[in-house]
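> One file: input12.csv (CSV, C-alpha atoms).
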```csv
chain,number,residue,atom,x,y,z
A,1,ALA,CA,17.8,-6.0,168.1
A,2,GLN,CA,18.7,-3.5,165.4
A,3,THR,CA,22.2,-3.6,164.0
A,4,VAL,CA,24.0,-1.4,161.5
A,5,THR,CA,26.9,-2.7,159.4
A,6,GLN,CA,29.5,-0.8,157.5
A,7,SER,CA,31.7,-3.3,155.7
A,8,GLN,CA,34.3,-0.9,154.4
A,9,PRO,CA,36.7,0.2,157.1
A,10,GLU,CA,38.5,2.5,154.7
A,11,MET,CA,37.9,3.9,151.2
A,12,SER,CA,39.9,6.2,149.1
A,13,VAL,CA,39.0,8.3,146.1
A,14,GLN,CA,40.7,10.8,143.8
A,15,GLU,CA,39.7,14.4,144.3
A,16,ALA,CA,36.8,15.4,142.0
A,17,GLU,CA,35.7,11.8,141.5
A,18,THR,CA,32.7,9.9,142.9
A,19,VAL,CA,32.7,7.5,145.8
A,20,THR,CA,30.0,5.3,147.4
A,21,LEU,CA,30.0,4.2,151.0
A,22,SER,CA,28.0,1.1,151.9
A,23,CYS,CA,25.7,0.5,154.9
A,24,THR,CA,23.3,-2.3,155.7
A,25,TYR,CA,21.0,-2.6,158.7
A,26,ASP,CA,18.8,-5.1,160.3
A,27,THR,CA,15.4,-4.3,161.7
A,28,SER,CA,11.9,-5.7,161.9
A,29,GLU,CA,10.4,-2.2,162.0
A,30,SER,CA,8.7,-0.6,159.0
A,31,ASP,CA,9.1,3.0,160.1
A,32,TYR,CA,12.5,4.2,161.0
A,33,TYR,CA,15.2,6.8,160.2
A,34,LEU,CA,18.6,6.5,158.7
A,35,PHE,CA,21.4,8.9,158.9
A,36,TRP,CA,24.9,9.5,157.6
A,37,TYR,CA,27.1,11.5,159.9
A,38,LYS,CA,30.6,12.8,159.1
A,39,GLN,CA,33.4,13.0,161.8
A,40,PRO,CA,36.4,15.0,160.6
A,41,PRO,CA,39.7,15.0,162.5
A,42,SER,CA,38.2,17.7,164.8
A,43,ARG,CA,35.9,14.9,166.1
A,44,GLN,CA,32.8,17.0,165.7
A,45,MET,CA,30.0,14.8,164.5
A,46,ILE,CA,28.2,16.5,161.6
A,47,LEU,CA,24.9,15.4,160.0
A,48,VAL,CA,25.4,14.8,156.3
A,49,ILE,CA,22.0,13.4,155.3
A,50,ARG,CA,18.8,11.9,156.7
A,51,GLN,CA,16.3,9.5,155.2
A,52,GLU,CA,12.9,8.6,156.5
A,53,ALA,CA,12.0,5.0,155.7
A,54,TYR,CA,8.4,5.8,154.6
A,55,LYS,CA,9.7,8.1,151.9
A,56,GLN,CA,10.6,6.3,148.7
A,57,GLN,CA,12.5,9.2,147.2
A,58,ASN,CA,16.2,9.1,148.0
A,59,ALA,CA,17.4,12.1,150.0
A,60,THR,CA,19.9,14.5,148.5
A,61,GLU,CA,22.0,17.3,149.9
A,62,ASN,CA,24.1,19.1,147.3
A,63,ARG,CA,27.0,16.6,146.4
A,64,PHE,CA,25.7,14.0,148.8
A,65,SER,CA,22.9,11.5,147.9
A,66,VAL,CA,21.8,8.2,149.2
A,67,ASN,CA,20.6,5.0,147.6
A,68,PHE,CA,17.9,3.7,149.9
A,69,GLN,CA,16.8,0.1,149.2
A,70,LYS,CA,14.3,-0.7,151.9
A,71,ALA,CA,13.6,-4.3,150.9
A,72,ALA,CA,17.4,-5.0,150.8
A,73,LYS,CA,17.9,-3.0,154.0
A,74,SER,CA,20.7,-1.1,152.3
A,75,PHE,CA,21.5,2.6,152.7
A,76,SER,CA,24.6,3.8,150.7
A,77,LEU,CA,26.0,7.3,150.5
A,78,LYS,CA,27.3,8.7,147.2
A,79,ILE,CA,29.6,11.6,147.3
A,80,SER,CA,30.0,13.3,144.0
A,81,ASP,CA,32.9,15.6,143.0
A,82,SER,CA,34.9,14.6,146.1
A,83,GLN,CA,36.8,17.5,147.8
A,84,LEU,CA,39.7,17.4,150.2
A,85,GLY,CA,37.4,18.6,152.9
A,86,ASP,CA,35.3,15.5,152.6
A,87,ALA,CA,38.1,13.4,154.2
A,88,ALA,CA,36.6,12.1,157.5
A,89,MET,CA,35.1,9.1,159.2
A,90,TYR,CA,31.6,8.5,157.9
A,91,PHE,CA,29.1,6.8,160.2
A,92,CYS,CA,25.8,5.3,159.2
A,93,ALA,CA,23.2,5.4,162.0
A,94,TYR,CA,19.6,4.1,162.6
A,95,SER,CA,16.9,5.2,164.9
A,96,SER,CA,13.3,4.2,165.4
A,97,MET,CA,10.5,4.2,168.0
A,98,ASP,CA,11.6,0.6,168.9
A,99,SER,CA,15.0,1.9,169.8
A,100,ASN,CA,13.5,4.8,171.7
A,101,TYR,CA,15.0,6.9,168.9
A,102,GLN,CA,18.5,6.4,170.3
A,103,LEU,CA,21.0,6.2,167.5
A,104,ILE,CA,22.4,2.8,166.7
A,105,TRP,CA,25.7,3.2,164.9
A,106,GLY,CA,27.8,1.4,162.3
A,107,ALA,CA,31.6,1.0,162.9
A,108,GLY,CA,32.4,3.8,160.4
A,109,THR,CA,34.3,4.1,157.1
A,110,LYS,CA,37.4,6.2,156.9
A,111,LEU,CA,37.3,8.2,153.6
A,112,ILE,CA,40.7,9.3,152.2
A,113,ILE,CA,40.7,11.9,149.4
A,114,LYS,CA,43.8,11.8,147.2
A,115,PRO,CA,44.8,15.1,145.7
B,1,LYS,CA,21.6,29.9,166.3
B,2,ALA,CA,24.4,28.6,168.5
B,3,GLY,CA,25.3,24.9,168.2
B,4,VAL,CA,25.7,22.4,171.0
B,5,THR,CA,28.5,23.2,173.3
B,6,GLN,CA,30.4,20.9,175.6
B,7,THR,CA,32.8,21.7,178.4
B,8,PRO,CA,35.5,21.0,179.1
B,9,ARG,CA,37.0,19.9,175.7
B,10,TYR,CA,39.8,17.9,177.3
B,11,LEU,CA,40.2,16.3,180.6
B,12,ILE,CA,42.9,14.2,182.3
B,13,LYS,CA,42.0,12.2,185.5
B,14,THR,CA,43.4,9.4,187.5
B,15,ARG,CA,41.8,6.1,188.3
B,16,GLY,CA,39.3,6.3,191.2
B,17,GLN,CA,38.5,10.0,190.7
B,18,GLN,CA,35.2,11.2,189.5
B,19,VAL,CA,34.4,13.6,186.6
B,20,THR,CA,31.5,15.9,185.5
B,21,LEU,CA,31.0,16.8,181.9
B,22,SER,CA,28.6,19.6,180.8
B,23,CYS,CA,26.5,20.0,177.7
B,24,SER,CA,24.4,23.0,176.6
B,25,PRO,CA,21.9,22.1,173.9
B,26,ILE,CA,20.8,24.2,170.9
B,27,SER,CA,18.3,26.8,172.0
B,28,GLY,CA,14.8,25.3,172.0
B,29,HIS,CA,16.0,21.7,172.1
B,30,ARG,CA,14.7,19.9,175.2
B,31,SER,CA,16.3,16.5,174.6
B,32,VAL,CA,19.9,15.8,175.4
B,33,SER,CA,21.6,12.5,174.6
B,34,TRP,CA,25.0,11.3,175.6
B,35,TYR,CA,27.2,8.9,173.7
B,36,GLN,CA,30.6,7.3,174.4
B,37,GLN,CA,33.0,6.8,171.6
B,38,THR,CA,36.0,4.5,171.9
B,39,PRO,CA,38.2,2.8,169.3
B,40,GLY,CA,37.3,-0.7,170.6
B,41,GLN,CA,33.5,-0.3,171.2
B,42,GLY,CA,32.7,2.4,168.7
B,43,LEU,CA,29.8,4.7,169.5
B,44,GLN,CA,27.5,3.6,172.3
B,45,PHE,CA,24.4,5.3,173.8
B,46,LEU,CA,24.7,6.3,177.4
B,47,PHE,CA,21.4,8.0,178.2
B,48,GLU,CA,18.9,10.6,177.1
B,49,TYR,CA,17.2,13.4,179.1
B,50,PHE,CA,14.1,15.3,178.3
B,51,SER,CA,12.5,17.9,180.5
B,52,GLU,CA,14.8,17.0,183.4
B,53,THR,CA,13.9,13.3,183.3
B,54,GLN,CA,16.0,10.5,182.2
B,55,ARG,CA,13.9,8.7,179.5
B,56,ASN,CA,16.3,6.2,178.1
B,57,LYS,CA,19.5,4.5,179.4
B,58,GLY,CA,22.1,2.4,177.6
B,59,ASN,CA,23.9,-0.6,178.9
B,60,PHE,CA,26.4,1.2,181.2
B,61,PRO,CA,27.2,0.6,184.9
B,62,GLY,CA,25.7,2.8,187.6
B,63,ARG,CA,29.0,4.7,187.8
B,64,PHE,CA,27.7,6.6,184.8
B,65,SER,CA,24.9,9.1,185.7
B,66,GLY,CA,23.5,12.3,184.5
B,67,ARG,CA,21.0,15.0,185.0
B,68,GLN,CA,19.3,17.8,183.2
B,69,PHE,CA,18.4,21.2,184.4
B,70,SER,CA,15.4,23.4,183.8
B,71,ASN,CA,17.2,25.3,181.1
B,72,SER,CA,17.9,21.9,179.3
B,73,ARG,CA,21.6,22.0,180.1
B,74,SER,CA,22.8,18.5,181.0
B,75,GLU,CA,25.7,17.1,183.0
B,76,MET,CA,27.0,13.6,183.0
B,77,ASN,CA,29.0,12.2,185.9
B,78,VAL,CA,31.4,9.3,186.0
B,79,SER,CA,32.4,8.1,189.5
B,80,THR,CA,35.3,5.8,190.4
B,81,LEU,CA,37.0,6.3,187.0
B,82,GLU,CA,38.5,3.2,185.3
B,83,LEU,CA,41.1,3.2,182.6
B,84,GLY,CA,38.5,1.9,180.2
B,85,ASP,CA,36.5,5.1,180.7
B,86,SER,CA,39.0,6.9,178.5
B,87,ALA,CA,36.9,8.0,175.6
B,88,LEU,CA,35.3,10.8,173.6
B,89,TYR,CA,32.0,11.7,175.2
B,90,LEU,CA,29.6,13.2,172.7
B,91,CYS,CA,26.4,15.1,173.6
B,92,ALA,CA,23.6,15.6,171.1
B,93,SER,CA,20.4,17.7,171.3
B,94,SER,CA,17.2,17.5,169.5
B,95,TRP,CA,13.5,18.4,169.5
B,96,TRP,CA,10.7,15.9,170.1
B,97,THR,CA,7.7,16.4,168.0
B,98,GLY,CA,4.6,14.3,167.7
B,99,GLY,CA,6.1,11.6,169.9
B,100,MET,CA,9.1,11.3,167.7
B,101,GLN,CA,12.7,12.4,168.3
B,102,GLU,CA,14.0,14.6,165.5
B,103,THR,CA,17.5,14.7,164.2
B,104,GLN,CA,20.2,14.8,166.8
B,105,TYR,CA,22.9,17.5,166.5
B,106,PHE,CA,26.2,17.0,168.2
B,107,GLY,CA,28.6,19.0,170.2
B,108,PRO,CA,32.4,18.9,169.7
B,109,GLY,CA,32.8,16.3,172.4
B,110,THR,CA,34.9,16.0,175.6
B,111,ARG,CA,38.0,13.9,175.4
B,112,LEU,CA,38.6,12.1,178.7
B,113,LEU,CA,41.9,10.4,179.5
B,114,VAL,CA,42.1,8.3,182.6
B,115,LEU,CA,45.6,7.5,183.8
```
Reformat the file's structure so that it appears as structure tokens.

Amino acid sequence: AQTVTQSQPEMSVQEAETVTLSCTYDTSESDYYLFWYKQPPSRQMILVIRQEAYKQQNATENRFSVNFQKAAKSFSLKISDSQLGDAAMYFCAYSSMDSNYQLIWGAGTKLIIKP
Amino acid sequence: KAGVTQTPRYLIKTRGQQVTLSCSPISGHRSVSWYQQTPGQGLQFLFEYFSETQRNKGNFPGRFSGRQFSNSRSEMNVSTLELGDSALYLCASSWWTGGMQETQYFGPGTRLLVL
């Protein structure tokens, strides 16, 4: 069965600095999708970034980028120029045909932004 | 385009009662998935509906059920509520294209408290 592990329960970063959140996963599939979702205190789950496993190029969305290491089964999220509004829980998630495309979630990392 | 909406946003029930939660997907999305989020178990997949048919089901007891209507709106029902059913229930909608589920977009959730 596929699993997703986020080993950092909490991270903190100074405003305007860069922070990297870690995620590892376990799968025997070769084709799958990885996501980072953000859940602010409002509890709304918001898509941050998506990566297709067949694409070697790392996905980027403005200040958010990923480091996707397929062989190592690692999928980290880098947030540049951190802003107060980035404070939230960040969840790494996996989906594939083998999981019927249901999202399999990590436990989450709480990101604190220090002003 | 309007996002995923969920009603009600907050609900308080007592043990033994039943509850119905509603989810309206993004226009054009025919797939609706439900997830339960609790502090202890994290995010867990409940079920997915597509074109009024339940296609996937997570590992939850039969007290949890759902349905989808012809306009893609979905409801989930929990009967004989237990204290452990207190959770945030998240609904997500997506397209399916080429046999693959696209990115899931989430509603604001319904927070259920069982007393």
> Give me, as a list in words, all polymer residues having an atom no more than 6 Å from Val32 (chain B), counting only C-alpha atoms and skipping those fewer than 3 positions away in the same chain.
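Those residues are Glu48, Tyr49, Ala92 and Ser93 of chain B.
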> Provide the CA of Pro115 (chain A) to CA of Arg50 (chain A) distance in Å, to one decimal place.
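Computed distance, CA of Pro115 (chain A) to CA of Arg50 (chain A), equals 28.4 Å.
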> Distance limit 7 Å, atoms considered: all atoms listed in the file. Which chain A residues sit that close to chain B? Return them as a count of residues only.
8
> Neighbours of region 28-40 of chain A within 7 Å (all atoms listed in the file; same-chain residues fewer than 2 positions away dropped), as number ranges by chain?
A: 42-54, 87-96
> Excluding Val19 (chain B) and residues on its chain fewer than 2 positions from it, collect all residues at most 10 Å away from it, counting only C-alpha atoms, and give them as a list in words.
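The filter keeps Leu11, Ile12, Lys13, Thr14, Gly16, Gln17, Leu21, Phe64, Met76, Asn77, Val78, Ser79, Thr80, Leu81 and Leu112 of chain B.
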> So the first atom is CA of Gln83 (chain A) and the second is CA of Pro9 (chain A); what is the distance between them in Å, to one decimal place?
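So the two atoms, CA of Gln83 (chain A) and CA of Pro9 (chain A), lie 19.6 Å apart.
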> With all atoms listed in the file as the counted atoms, please give the residues lying no more than 9 Å from Glu52 (chain B), apart from itself and same-chain residues fewer than 4 positions off, as an MDAnalysis selection string.
chainID B and resid 30:31 67:72 74
> What gap, in Å, lies between CA of Ser74 (chain A) and CA of Tyr89 (chain B)?
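Computing it gives 28.6 Å between the two atoms.
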> Under the rule that only C-alpha atoms are counted, which of A:Gly85, A:Met11, A:Met97, A:Leu77 is the nearest residue to Leu111 (chain A)?
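When distances to Leu111 (chain A) are compared using only C-alpha atoms, the smallest one comes from A:Met11.
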> So which residues are close to (36.0, 17.6, 143.1), meaning at most 6 Å away in the file's coordinates with all atoms listed in the file counted, and can you show them as a list of chain:residue names?
A:Glu15, A:Ala16, A:Asp81, A:Ser82, A:Gln83
> Write out as a list in words which residues come within 8 Å of Ser12 (chain A) when counting all atoms listed in the file, dropping same-chain ones fewer than 5 positions away.
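With the cut-off at 8 Å, the set is Leu111, Ile112, Ile113 and Lys114 of chain A.
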> Write a file for region 7-56 of chain B of the given structure; include C-alpha atoms and format it as a short mmCIF file (atom, residue, chain, number, x, y, z; two decimals), in the first residue's frame.

```
data_model
loop_
_atom_site.label_atom_id
_atom_site.label_comp_id
_atom_site.auth_asym_id
_atom_site.auth_seq_id
_atom_site.Cartn_x
_atom_site.Cartn_y
_atom_site.Cartn_z
CA THR B 7 -23.45 23.09 3.77
CA PRO B 8 -23.84 23.41 6.63
CA ARG B 9 -20.50 24.74 7.78
CA TYR B 10 -21.01 23.75 11.40
CA LEU B 11 -23.20 21.14 13.00
CA ILE B 12 -23.76 19.90 16.53
CA LYS B 13 -25.51 16.57 17.04
CA THR B 14 -25.92 14.08 19.85
CA ARG B 15 -24.95 10.44 19.88
CA GLY B 16 -27.40 8.19 18.08
CA GLN B 17 -28.69 10.89 15.77
CA GLN B 18 -28.08 10.96 12.06
CA VAL B 19 -26.72 13.77 9.92
CA THR B 20 -26.68 14.73 6.24
CA LEU B 21 -23.99 16.92 4.73
CA SER B 22 -24.20 18.50 1.30
CA CYS B 23 -21.60 19.34 -1.32
CA SER B 24 -21.98 21.25 -4.58
CA PRO B 25 -19.04 20.74 -6.94
CA ILE B 26 -17.40 23.18 -9.30
CA SER B 27 -19.52 23.56 -12.42
CA GLY B 28 -18.59 20.86 -14.93
CA HIS B 29 -16.96 18.56 -12.38
CA ARG B 30 -18.68 15.19 -12.26
CA SER B 31 -16.57 13.58 -9.56
CA VAL B 32 -17.11 14.28 -5.88
CA SER B 33 -14.95 12.79 -3.15
CA TRP B 34 -15.42 12.96 0.59
CA TYR B 35 -12.70 12.96 3.25
CA GLN B 36 -12.79 12.91 7.03
CA GLN B 37 -10.19 14.89 8.95
CA THR B 38 -9.56 14.27 12.65
CA PRO B 39 -6.61 15.16 14.89
CA GLY B 40 -5.97 11.51 15.63
CA GLN B 41 -6.39 9.86 12.24
CA GLY B 42 -5.56 12.74 9.95
CA LEU B 43 -7.17 12.84 6.51
CA GLN B 44 -8.97 9.70 5.41
CA PHE B 45 -10.85 8.96 2.21
CA LEU B 46 -14.52 8.13 2.64
CA PHE B 47 -15.89 7.63 -0.86
CA GLU B 48 -16.04 8.99 -4.38
CA TYR B 49 -19.03 9.47 -6.64
CA PHE B 50 -19.05 9.91 -10.39
CA SER B 51 -22.15 10.28 -12.50
CA GLU B 52 -24.40 9.25 -9.61
CA THR B 53 -22.42 6.05 -8.95
CA GLN B 54 -20.16 5.28 -6.04
CA ARG B 55 -16.89 4.26 -7.62
CA ASN B 56 -14.57 4.02 -4.65
#
```
